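What follows is one structure encoded as structure tokens, with my remarks underneath.
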There are 2 protein chains.
Amino acid sequence: MRVLLVEDDAILGDAVKAHVASLGHAVDWVTTLEDASVSLRAVTYSLMLLDLRLPDGSGLTLLRDMRGREDATPVIILTAHDQISDRIEGLNCGADDYLVKPFNLGELTARMGAVARRYARIPSTFLCLGELKVQPTERRILRKGEDIALSGREWAVLDTLLARRTAIVSKSQIEEALYAFGAEIESNTVEVYVSRLRKKLGREVIETLRGVGYRIKVDDVKAD
Amino acid sequence: MRVLLVEDDAILGDAVKAHVASLGHAVDWVTTLEDASVSLRAVTYSLMLLDLRLPDGSGLTLLRDMRGREDATPVIILTAHDQISDRIEGLNCGADDYLVKPFNLGELTARMGAVARRYARIPSTFLCLGELKVQPTERRILRKGEDIALSGREWAVLDTLLARRTAIVSKSQIEEALYAFGAEIESNTVEVYVSRLRKKLGREVIETLRGVGYRIKVDDVKAD
DNA sequence: CCTGACCTGACACGCACCTGAAAAGCTCCA
DNA sequence: TGGAGCTTTTCAGGTGCGTGTCAGGTCAGG
């Protein structure tokens with residue numbers, strides 16, 4: 001799927017772009033409304049991530065314009081805390097969902113999945129980890145039909161590991177995914193969450209690579 | 001369900017809006033054709049209540065325009081006694097039903113229900129939630145043959161959850177389904193209604209996902 | 001056997017959520 | 001018109017879960 005990211009904050013944009021790319025999607029990142037309009041005319045996107053407050057005007061104009069043109073591209077608004085009124089207006093203009101900054105990347109994954117599914121009727125995919133069936137977008141894990149509940153942070157860690165499948169993820173990468181916005185952490189939080197996940201999911205699911213990071217092994221990816 | 005009310009009579013509009021809201025539906029009330037067009041482009045409605053005689057032109061234009069655009073939104077025409085010819089033309093333009101002013105609100109309820117039911121894809125399907133049998137279109141819930149009564153808002157919340165089945169619905173999504181544009185709510189209304197539904201339907205029916213939203217578990221969908 | 005990296009049980013705090021009850025608003029009917 | 005009987009909304013107090021932190025234990029490698 002192809003995503004258009006409209007965001008002028010370089011740091012956030014970079015993080016989001018990297019994350020979305022790591023999910024296997026093509027990402028075009030633009031920082032102005034001007035460029036966004038050009039891109040929209042040139043390419044059909046599966047999803048747009050839109051920051052409303054841009055240096056060259058309000059993203060609402062763009063959104064209204066799109067909907068006026070019968071462009072039904074799913075849109076997720078990225079909004080700062082103090083711009084809640086914008087988001088209401090945004091939804092009224094035809095946006096599909098919104099995320100309040102700062103958000104964590106796992107939640108972005110979930111909302112993207114939800115919006116995409118709502119539109120495209122894409123059957124939800126699931127991953128097999130041994131006897132586990134994991135549906136990240138549904139926030140659901142089954143072991144032999146039995147539900148396993150994870151908390152928000154636990155999901156965020158698992159999402160990060162799953163996004164890289166079979167590749168090694170360093171502790172600092174996980175921290176960045178959890179606290180992307182400056183909220184530095186100075187304890188062994190990641191270790192704790194890995195431990196909690198292992199307790200719930202089984203000891204073998206997450207492998208430790210001393211001095212390097214962690215790795216998760218996905219057996220298979222299927223769709224219902 | 002979300003209703004668009006197009007009516008320039010302030011007193012009647014007020015009454016209708018209040019009544020429809022009391023049935024648990026979200027109502028957007030506009031008084032001009034201009035605004036109606038804007039709303040229709042921004043939002044998908046389950047039903048439109050349309051007064052044909054408006055200050056800025058005939059509602060028939062709007063109706064014809066909609067049907068020309070393949071917009072199949074159900075429409076009930078609200079017509080004054082001396083505009084019977086309008087109503088005939090309205091039906092020919094693709095309206096679904098009409099009400100002659102002054103009408104009583106009970107009749108409005110009935111006709112709205114009839115129209116909505118006519119449009120519901122599968123006639124009288126029901127959903128199984130544990131020991132519950134739920135018929136949303138009939139506004140009916142049975143537990144072992146025993147009727148359970150829900151109020152308007154309770155139905156609205158339940159409808160929203162059922163519409164997404166097994167998927168997660170955020171608190172704000174529920175609020176948006178319940179309240180019309182701008183009617184921001186600043187209390188824990190959604191929590192209260194979830195609590196009431198659990199009291200009536202059973203504690204396990206609605207699952208809480210902390211910081212994310214709610215989810216309902218539908219075992220099965222059947223038709224009588 | 002020592003060192004550093006990692007694991008994990010326990011705990012305190014805060015926040016999200018729950019819920020009973022009171023206040024406000026509605027509809028309907030006499 | 002007014003009041004009975006709902007439903008809806010608000011509020012406040014309580015509860016429990018999630019989170020981050022730490023300390024002591026375990027393990028691998030040199």
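Quick note on naming: the chains in the structure tokens go A, B, ... in the order shown, residues restart at 1 in each chain, and ligands are numbered from 1 in order of appearance.
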
Chain C residues near chain A (12 Å cut-off, only C-alpha atoms (C1' of nucleotides)) as a PyMOL selection string: chain C and resi 4-9

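Copies chain B and chain A share one sequence; their C-alpha RMSD after superposition is 8.5 Å.
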
Check: which chain B residues lie within 8 Å of chain D using only C-alpha atoms (C1' of nucleotides), as number ranges by chain: B: 22, 151, 187, 189

Take the residues just selected and output them with N, CA, C and O atoms as a PDB file, in the first residue's frame.
ATOM      1  N   SER B  22     -33.624  11.881  20.784  1.00  0.00           N
ATOM      2  CA  SER B  22     -34.060  11.074  21.920  1.00  0.00           C
ATOM      3  C   SER B  22     -34.197   9.597  21.544  1.00  0.00           C
ATOM      4  O   SER B  22     -34.245   8.738  22.410  1.00  0.00           O
ATOM      5  N   SER B 151     -32.927   1.842  26.123  1.00  0.00           N
ATOM      6  CA  SER B 151     -33.331   3.192  25.754  1.00  0.00           C
ATOM      7  C   SER B 151     -32.647   3.585  24.447  1.00  0.00           C
ATOM      8  O   SER B 151     -31.816   2.853  23.923  1.00  0.00           O
ATOM      9  N   SER B 187     -18.114  15.019  29.552  1.00  0.00           N
ATOM     10  CA  SER B 187     -18.186  14.114  30.689  1.00  0.00           C
ATOM     11  C   SER B 187     -18.023  12.683  30.205  1.00  0.00           C
ATOM     12  O   SER B 187     -17.749  12.436  29.047  1.00  0.00           O
ATOM     13  N   THR B 189     -19.967  10.264  29.512  1.00  0.00           N
ATOM     14  CA  THR B 189     -21.218   9.670  29.064  1.00  0.00           C
ATOM     15  C   THR B 189     -21.048   8.281  28.474  1.00  0.00           C
ATOM     16  O   THR B 189     -21.823   7.376  28.779  1.00  0.00           O
TER      17      THR B 189
END

Contacts of Arg139 in chain A within 9 Å, only C-alpha atoms (C1' of nucleotides), excl. fewer than 3 positions in-chain, as a ChimeraX atom specification: /A:110,134-136,149-150,155 /B:167-168

Next, the residues of the selection above should be written as a PDB file, in the first residue's frame with N, CA and C atoms.
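Below is the file again.pdb, written as the result:
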ATOM      1  N   ALA A 110      -1.896   0.486  14.316  1.00  0.00           N
ATOM      2  CA  ALA A 110      -3.241  -0.041  14.548  1.00  0.00           C
ATOM      3  C   ALA A 110      -4.287   0.775  13.801  1.00  0.00           C
ATOM      4  N   VAL A 134      -1.346 -14.254  15.955  1.00  0.00           N
ATOM      5  CA  VAL A 134      -1.291 -12.851  16.349  1.00  0.00           C
ATOM      6  C   VAL A 134      -1.917 -11.954  15.280  1.00  0.00           C
ATOM      7  N   GLN A 135      -2.880 -11.136  15.684  1.00  0.00           N
ATOM      8  CA  GLN A 135      -3.518 -10.179  14.779  1.00  0.00           C
ATOM      9  C   GLN A 135      -3.258  -8.768  15.315  1.00  0.00           C
ATOM     10  N   PRO A 136      -2.175  -8.143  14.850  1.00  0.00           N
ATOM     11  CA  PRO A 136      -1.781  -6.860  15.429  1.00  0.00           C
ATOM     12  C   PRO A 136      -2.852  -5.776  15.249  1.00  0.00           C
ATOM     13  N   ALA A 149      -4.592 -11.375  26.625  1.00  0.00           N
ATOM     14  CA  ALA A 149      -4.711  -9.916  26.656  1.00  0.00           C
ATOM     15  C   ALA A 149      -3.345  -9.279  26.889  1.00  0.00           C
ATOM     16  N   LEU A 150      -3.040  -8.249  26.094  1.00  0.00           N
ATOM     17  CA  LEU A 150      -1.822  -7.482  26.300  1.00  0.00           C
ATOM     18  C   LEU A 150      -2.184  -6.036  26.594  1.00  0.00           C
ATOM     19  N   TRP A 155       1.819  -4.295  23.688  1.00  0.00           N
ATOM     20  CA  TRP A 155       1.554  -4.317  22.251  1.00  0.00           C
ATOM     21  C   TRP A 155       2.576  -3.502  21.480  1.00  0.00           C
TER      22      TRP A 155
ATOM     23  N   ALA B 167     -14.263  -5.667  16.073  1.00  0.00           N
ATOM     24  CA  ALA B 167     -13.186  -4.674  15.973  1.00  0.00           C
ATOM     25  C   ALA B 167     -13.268  -3.692  17.131  1.00  0.00           C
ATOM     26  N   ILE B 168     -12.175  -2.961  17.336  1.00  0.00           N
ATOM     27  CA  ILE B 168     -12.116  -2.036  18.452  1.00  0.00           C
ATOM     28  C   ILE B 168     -12.745  -0.706  18.077  1.00  0.00           C
TER      29      ILE B 168
END

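Each of A:Thr137, A:Glu175, A:Cys93, A:Val221 was checked against chain B using only C-alpha atoms; the smallest atom-to-atom distance is that of A:Cys93.
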
Which of A:Ala156, A:Met112, A:Ala95, A:Val218 sits closest to chain B [using only C-alpha atoms]: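 With only C-alpha atoms as the atom set, the closest residue is A:Ala95.
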
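Put simply, CA of Gly24 in chain B is 16.2 Å away from CA of Ser172 in chain B.
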
Strand (DSSP E) call set, DSSP backbone run, chain A, as a VMD selection string: chain A and resid 2 to 6 26 to 30 47 to 51 53 to 54 57 to 58 75 to 79 97 to 100 125 to 129 132 to 135 140 to 143 146 to 148 168 to 169 206 to 209 213 to 216 220 to 223

Next, dump the selected residues to file, keeping only C-alpha atoms, as a PDB file, in the first residue's frame.
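Okay, this is what ended up in out.pdb:
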ATOM      1  CA  ARG A   2       1.142   3.527  -0.776  1.00  0.00           C
ATOM      2  CA  VAL A   3       1.006   6.220   1.876  1.00  0.00           C
ATOM      3  CA  LEU A   4       1.275   9.987   1.583  1.00  0.00           C
ATOM      4  CA  LEU A   5       2.699  11.640   4.680  1.00  0.00           C
ATOM      5  CA  VAL A   6       2.037  15.381   4.930  1.00  0.00           C
ATOM      6  CA  ALA A  26       5.694   2.837   0.071  1.00  0.00           C
ATOM      7  CA  VAL A  27       5.812   6.304   1.612  1.00  0.00           C
ATOM      8  CA  ASP A  28       5.923   9.695  -0.046  1.00  0.00           C
ATOM      9  CA  TRP A  29       6.766  12.381   2.432  1.00  0.00           C
ATOM     10  CA  VAL A  30       5.959  16.014   1.665  1.00  0.00           C
ATOM     11  CA  LEU A  47      -3.894   6.332   2.783  1.00  0.00           C
ATOM     12  CA  MET A  48      -2.910   9.862   3.713  1.00  0.00           C
ATOM     13  CA  LEU A  49      -1.448  10.981   7.046  1.00  0.00           C
ATOM     14  CA  LEU A  50      -2.161  14.675   7.353  1.00  0.00           C
ATOM     15  CA  ASP A  51      -0.812  17.269   9.740  1.00  0.00           C
ATOM     16  CA  ARG A  53      -0.966  22.911  10.785  1.00  0.00           C
ATOM     17  CA  LEU A  54       1.439  23.552   7.962  1.00  0.00           C
ATOM     18  CA  GLY A  57      -1.852  27.044   5.249  1.00  0.00           C
ATOM     19  CA  SER A  58      -4.387  24.701   6.792  1.00  0.00           C
ATOM     20  CA  VAL A  75      -7.192  10.294   5.720  1.00  0.00           C
ATOM     21  CA  ILE A  76      -5.794  10.131   9.241  1.00  0.00           C
ATOM     22  CA  ILE A  77      -5.231  13.504  10.841  1.00  0.00           C
ATOM     23  CA  LEU A  78      -2.165  14.086  12.992  1.00  0.00           C
ATOM     24  CA  THR A  79      -2.995  16.755  15.511  1.00  0.00           C
ATOM     25  CA  ASP A  97      -9.556   9.106  12.060  1.00  0.00           C
ATOM     26  CA  TYR A  98      -7.074  11.176  14.024  1.00  0.00           C
ATOM     27  CA  LEU A  99      -4.051  10.754  16.225  1.00  0.00           C
ATOM     28  CA  VAL A 100      -3.086  13.187  18.945  1.00  0.00           C
ATOM     29  CA  THR A 125      -3.723 -10.709   8.175  1.00  0.00           C
ATOM     30  CA  PHE A 126      -2.347 -12.669  11.046  1.00  0.00           C
ATOM     31  CA  LEU A 127       1.041 -13.990  11.994  1.00  0.00           C
ATOM     32  CA  CYS A 128       1.885 -17.386  13.361  1.00  0.00           C
ATOM     33  CA  LEU A 129       4.415 -17.693  16.166  1.00  0.00           C
ATOM     34  CA  LEU A 132       0.206 -18.413  18.684  1.00  0.00           C
ATOM     35  CA  LYS A 133      -1.978 -16.594  16.200  1.00  0.00           C
ATOM     36  CA  VAL A 134      -1.291 -12.851  16.349  1.00  0.00           C
ATOM     37  CA  GLN A 135      -3.518 -10.179  14.779  1.00  0.00           C
ATOM     38  CA  ARG A 140      -5.713  -9.917  19.456  1.00  0.00           C
ATOM     39  CA  ILE A 141      -3.651 -12.974  20.248  1.00  0.00           C
ATOM     40  CA  LEU A 142      -4.984 -16.486  20.348  1.00  0.00           C
ATOM     41  CA  ARG A 143      -3.401 -19.648  21.706  1.00  0.00           C
ATOM     42  CA  GLU A 146      -7.809 -18.867  23.964  1.00  0.00           C
ATOM     43  CA  ASP A 147      -7.513 -15.094  24.100  1.00  0.00           C
ATOM     44  CA  ILE A 148      -4.368 -13.528  25.536  1.00  0.00           C
ATOM     45  CA  ILE A 168      17.362  -8.113  15.109  1.00  0.00           C
ATOM     46  CA  VAL A 169      15.942  -5.102  16.933  1.00  0.00           C
ATOM     47  CA  ILE A 206      11.487 -13.717  21.815  1.00  0.00           C
ATOM     48  CA  GLU A 207      15.154 -14.506  21.460  1.00  0.00           C
ATOM     49  CA  THR A 208      17.861 -12.498  23.242  1.00  0.00           C
ATOM     50  CA  LEU A 209      21.076 -11.612  21.427  1.00  0.00           C
ATOM     51  CA  GLY A 213      19.152  -6.802  20.852  1.00  0.00           C
ATOM     52  CA  TYR A 214      16.118  -9.045  20.457  1.00  0.00           C
ATOM     53  CA  ARG A 215      14.622 -11.058  17.671  1.00  0.00           C
ATOM     54  CA  ILE A 216      11.217 -12.590  17.153  1.00  0.00           C
ATOM     55  CA  ASP A 220       4.177 -17.612   8.693  1.00  0.00           C
ATOM     56  CA  VAL A 221       1.896 -14.798   7.582  1.00  0.00           C
ATOM     57  CA  LYS A 222      -1.627 -15.611   6.508  1.00  0.00           C
ATOM     58  CA  ALA A 223      -4.947 -13.924   5.919  1.00  0.00           C
TER      59      ALA A 223
END

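Between chain B and the residues A:Ala18, A:Leu33, A:Leu108, A:Leu23, the shortest atom-to-atom distance, using only C-alpha atoms, involves A:Leu108.
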
For CA of Arg153 in chain B and CA of Glu176 in chain B, the interatomic separation in Å (one decimal):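 CA of Arg153 in chain B sits 12.6 Å away from CA of Glu176 in chain B.
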
Nearest residue to chain A from the set B:Val205, B:Met1, B:Leu158, B:Val38 (distances using only C-alpha atoms): B:Val38

Residue list (alpha helix (DSSP H), DSSP) for chain B, as a PyMOL selection string: chain B and resi 10-22+33-42+59-68+84-92+105-119+152-163+171-178+189-201

Between CA of Ser46 in chain A and CA of Thr73 in chain B - distance in Å to one decimal: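 Answer for the CA of Thr73 in chain B to CA of Ser46 in chain A separation: 25.6 Å.
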